[in-house]
Amino acid sequence: MGIPQPAYYIFKCEQSAPPGMPKPSCVTPQTQDLFQYLAQKLMQDGIMATVQPIRTSCMNRCSSGPVMLVEPGHTMYAGLTKEKIDRIVSEHIIGGNVVEEFLIDSELWDEAISPSDMQKQMGR
């Protein structure tokens with residue numbers, strides 16, 4: 001038996017905008033430790049081998065940050081805190097149930113558009 005693939009990938013936005021930038025940032029002094037907290041939570045729960053946390057740059061949902069995307073499922077969580085991460089890991093990642101109350105607003109996370117359809121919309 002080989003090394004198993006991860007069952008989940010968790011993409012956590014780690015974009016930090018310099019002071020004075022017009023849009024909010026997912027990483028602030030108050031939220032800068034959330035990725036580390038997520039990784040430690042996965043280790044403590046004994047699931048790090050099957051859940052891969054990944055630091056990402058901007059996911060263009062700055063007004064709802066801090067955000068993270070759980071795959072598979074295209075599930076975007078917003079307004080993250082340590083308490084929310086605890087529930088997401090226990091209820092979604094381990095339990096298999098999306099934590100609906102922490103999902104990003106559907107206006108900011110609508111259905112995906114294929115690259116070819118996007119080109120058509122852009123007149124290409």
# chains A, B, ... in the order shown; residues from 1 in each chain; ligands from 1

call {"tool": "select_by_dssp", "arguments": {"residues": "region 32-109 of chain A", "states": "strand (DSSP E)", "output": "PDB file with N, CA and C atoms, in the first residue's frame"}}
result
ATOM      1  N   VAL A  51      -5.473  15.344   5.263  1.00  0.00           N
ATOM      2  CA  VAL A  51      -5.975  16.694   4.997  1.00  0.00           C
ATOM      3  C   VAL A  51      -4.760  17.592   4.786  1.00  0.00           C
ATOM      4  N   GLN A  52      -4.678  18.217   3.617  1.00  0.00           N
ATOM      5  CA  GLN A  52      -3.515  19.035   3.267  1.00  0.00           C
ATOM      6  C   GLN A  52      -3.847  20.519   3.354  1.00  0.00           C
ATOM      7  N   PRO A  53      -3.341  21.225   4.374  1.00  0.00           N
ATOM      8  CA  PRO A  53      -3.540  22.677   4.413  1.00  0.00           C
ATOM      9  C   PRO A  53      -2.537  23.356   3.481  1.00  0.00           C
ATOM     10  N   ILE A  54      -3.008  24.352   2.737  1.00  0.00           N
ATOM     11  CA  ILE A  54      -2.166  25.034   1.751  1.00  0.00           C
ATOM     12  C   ILE A  54      -2.333  26.536   1.911  1.00  0.00           C
ATOM     13  N   ARG A  55      -1.208  27.228   2.020  1.00  0.00           N
ATOM     14  CA  ARG A  55      -1.222  28.695   2.059  1.00  0.00           C
ATOM     15  C   ARG A  55      -1.408  29.206   0.630  1.00  0.00           C
ATOM     16  N   THR A  56      -2.328  30.148   0.448  1.00  0.00           N
ATOM     17  CA  THR A  56      -2.521  30.729  -0.875  1.00  0.00           C
ATOM     18  C   THR A  56      -2.393  32.244  -0.794  1.00  0.00           C
ATOM     19  N   MET A  68     -11.168  30.648   3.610  1.00  0.00           N
ATOM     20  CA  MET A  68     -10.478  29.425   3.202  1.00  0.00           C
ATOM     21  C   MET A  68     -11.428  28.598   2.358  1.00  0.00           C
ATOM     22  N   LEU A  69     -10.835  27.878   1.408  1.00  0.00           N
ATOM     23  CA  LEU A  69     -11.568  27.061   0.454  1.00  0.00           C
ATOM     24  C   LEU A  69     -11.279  25.592   0.746  1.00  0.00           C
ATOM     25  N   VAL A  70     -12.333  24.794   0.887  1.00  0.00           N
ATOM     26  CA  VAL A  70     -12.191  23.365   1.137  1.00  0.00           C
ATOM     27  C   VAL A  70     -12.531  22.619  -0.154  1.00  0.00           C
ATOM     28  N   GLU A  71     -11.602  21.776  -0.583  1.00  0.00           N
ATOM     29  CA  GLU A  71     -11.802  20.923  -1.753  1.00  0.00           C
ATOM     30  C   GLU A  71     -11.624  19.479  -1.333  1.00  0.00           C
ATOM     31  N   THR A  75     -16.111  24.579  -1.320  1.00  0.00           N
ATOM     32  CA  THR A  75     -16.754  25.162  -0.142  1.00  0.00           C
ATOM     33  C   THR A  75     -15.891  26.292   0.400  1.00  0.00           C
ATOM     34  N   MET A  76     -16.417  27.521   0.329  1.00  0.00           N
ATOM     35  CA  MET A  76     -15.677  28.698   0.784  1.00  0.00           C
ATOM     36  C   MET A  76     -16.236  29.170   2.122  1.00  0.00           C
ATOM     37  N   TYR A  77     -15.362  29.192   3.131  1.00  0.00           N
ATOM     38  CA  TYR A  77     -15.724  29.697   4.457  1.00  0.00           C
ATOM     39  C   TYR A  77     -15.156  31.098   4.636  1.00  0.00           C
TER      40      TYR A  77
END

call {"tool": "residues_around", "arguments": {"residues": "Asp86 (chain A)", "least_positions_apart": "6", "cutoff": "10 Å", "atoms": "only C-alpha atoms", "output": "number ranges by chain"}}
result
A: 37-38, 41-42, 92

call {"tool": "write_last_selection", "arguments": {"atoms": "N, CA and C atoms", "output": "PDB file, in the first residue's frame"}}
result
ATOM      1  N   TYR A  37      -2.717  27.787  13.354  1.00  0.00           N
ATOM      2  CA  TYR A  37      -3.741  27.184  14.206  1.00  0.00           C
ATOM      3  C   TYR A  37      -4.424  26.024  13.482  1.00  0.00           C
ATOM      4  N   LEU A  38      -4.782  26.234  12.209  1.00  0.00           N
ATOM      5  CA  LEU A  38      -5.400  25.179  11.403  1.00  0.00           C
ATOM      6  C   LEU A  38      -4.490  23.956  11.319  1.00  0.00           C
ATOM      7  N   LYS A  41      -4.376  22.149  14.602  1.00  0.00           N
ATOM      8  CA  LYS A  41      -5.651  21.463  14.850  1.00  0.00           C
ATOM      9  C   LYS A  41      -5.697  20.137  14.079  1.00  0.00           C
ATOM     10  N   LEU A  42      -5.273  20.157  12.836  1.00  0.00           N
ATOM     11  CA  LEU A  42      -5.251  18.929  12.028  1.00  0.00           C
ATOM     12  C   LEU A  42      -4.295  17.896  12.636  1.00  0.00           C
ATOM     13  N   HIS A  92     -17.179  19.516   9.313  1.00  0.00           N
ATOM     14  CA  HIS A  92     -17.069  19.315   7.866  1.00  0.00           C
ATOM     15  C   HIS A  92     -15.990  18.292   7.522  1.00  0.00           C
TER      16      HIS A  92
END

call {"tool": "closest_residue", "arguments": {"among": "A:Leu103, A:Arg61, A:Lys84, A:Gly96", "to": "Ser25 (chain A)", "atoms": "only C-alpha atoms"}}
result
A:Arg61

call {"tool": "closest_residue", "arguments": {"among": "A:Ile3, A:His74, A:Gln44, A:Pro29", "to": "Glu111 (chain A)", "atoms": "only C-alpha atoms"}}
result
A:His74

call {"tool": "select_by_dssp", "arguments": {"residues": "region 5-96 of chain A", "states": "helix (DSSP H, G or I)", "output": "NGL selection string"}}
result
:A and (34-44 or 62-64 or 82-94)

call {"tool": "closest_residue", "arguments": {"among": "A:Pro19, A:Ile85, A:Glu101, A:Cys13", "to": "Ala39 (chain A)", "atoms": "only C-alpha atoms"}}
result
A:Ile85

call {"tool": "closest_residue", "arguments": {"among": "A:Lys82, A:Gln15, A:Gln36, A:Tyr9", "to": "Ala49 (chain A)", "atoms": "only C-alpha atoms"}}
result
A:Tyr9

call {"tool": "atom_distance", "arguments": {"atom1": "CA of Val67 (chain A)", "atom2": "CA of Lys12 (chain A)"}}
result
6.3 Å
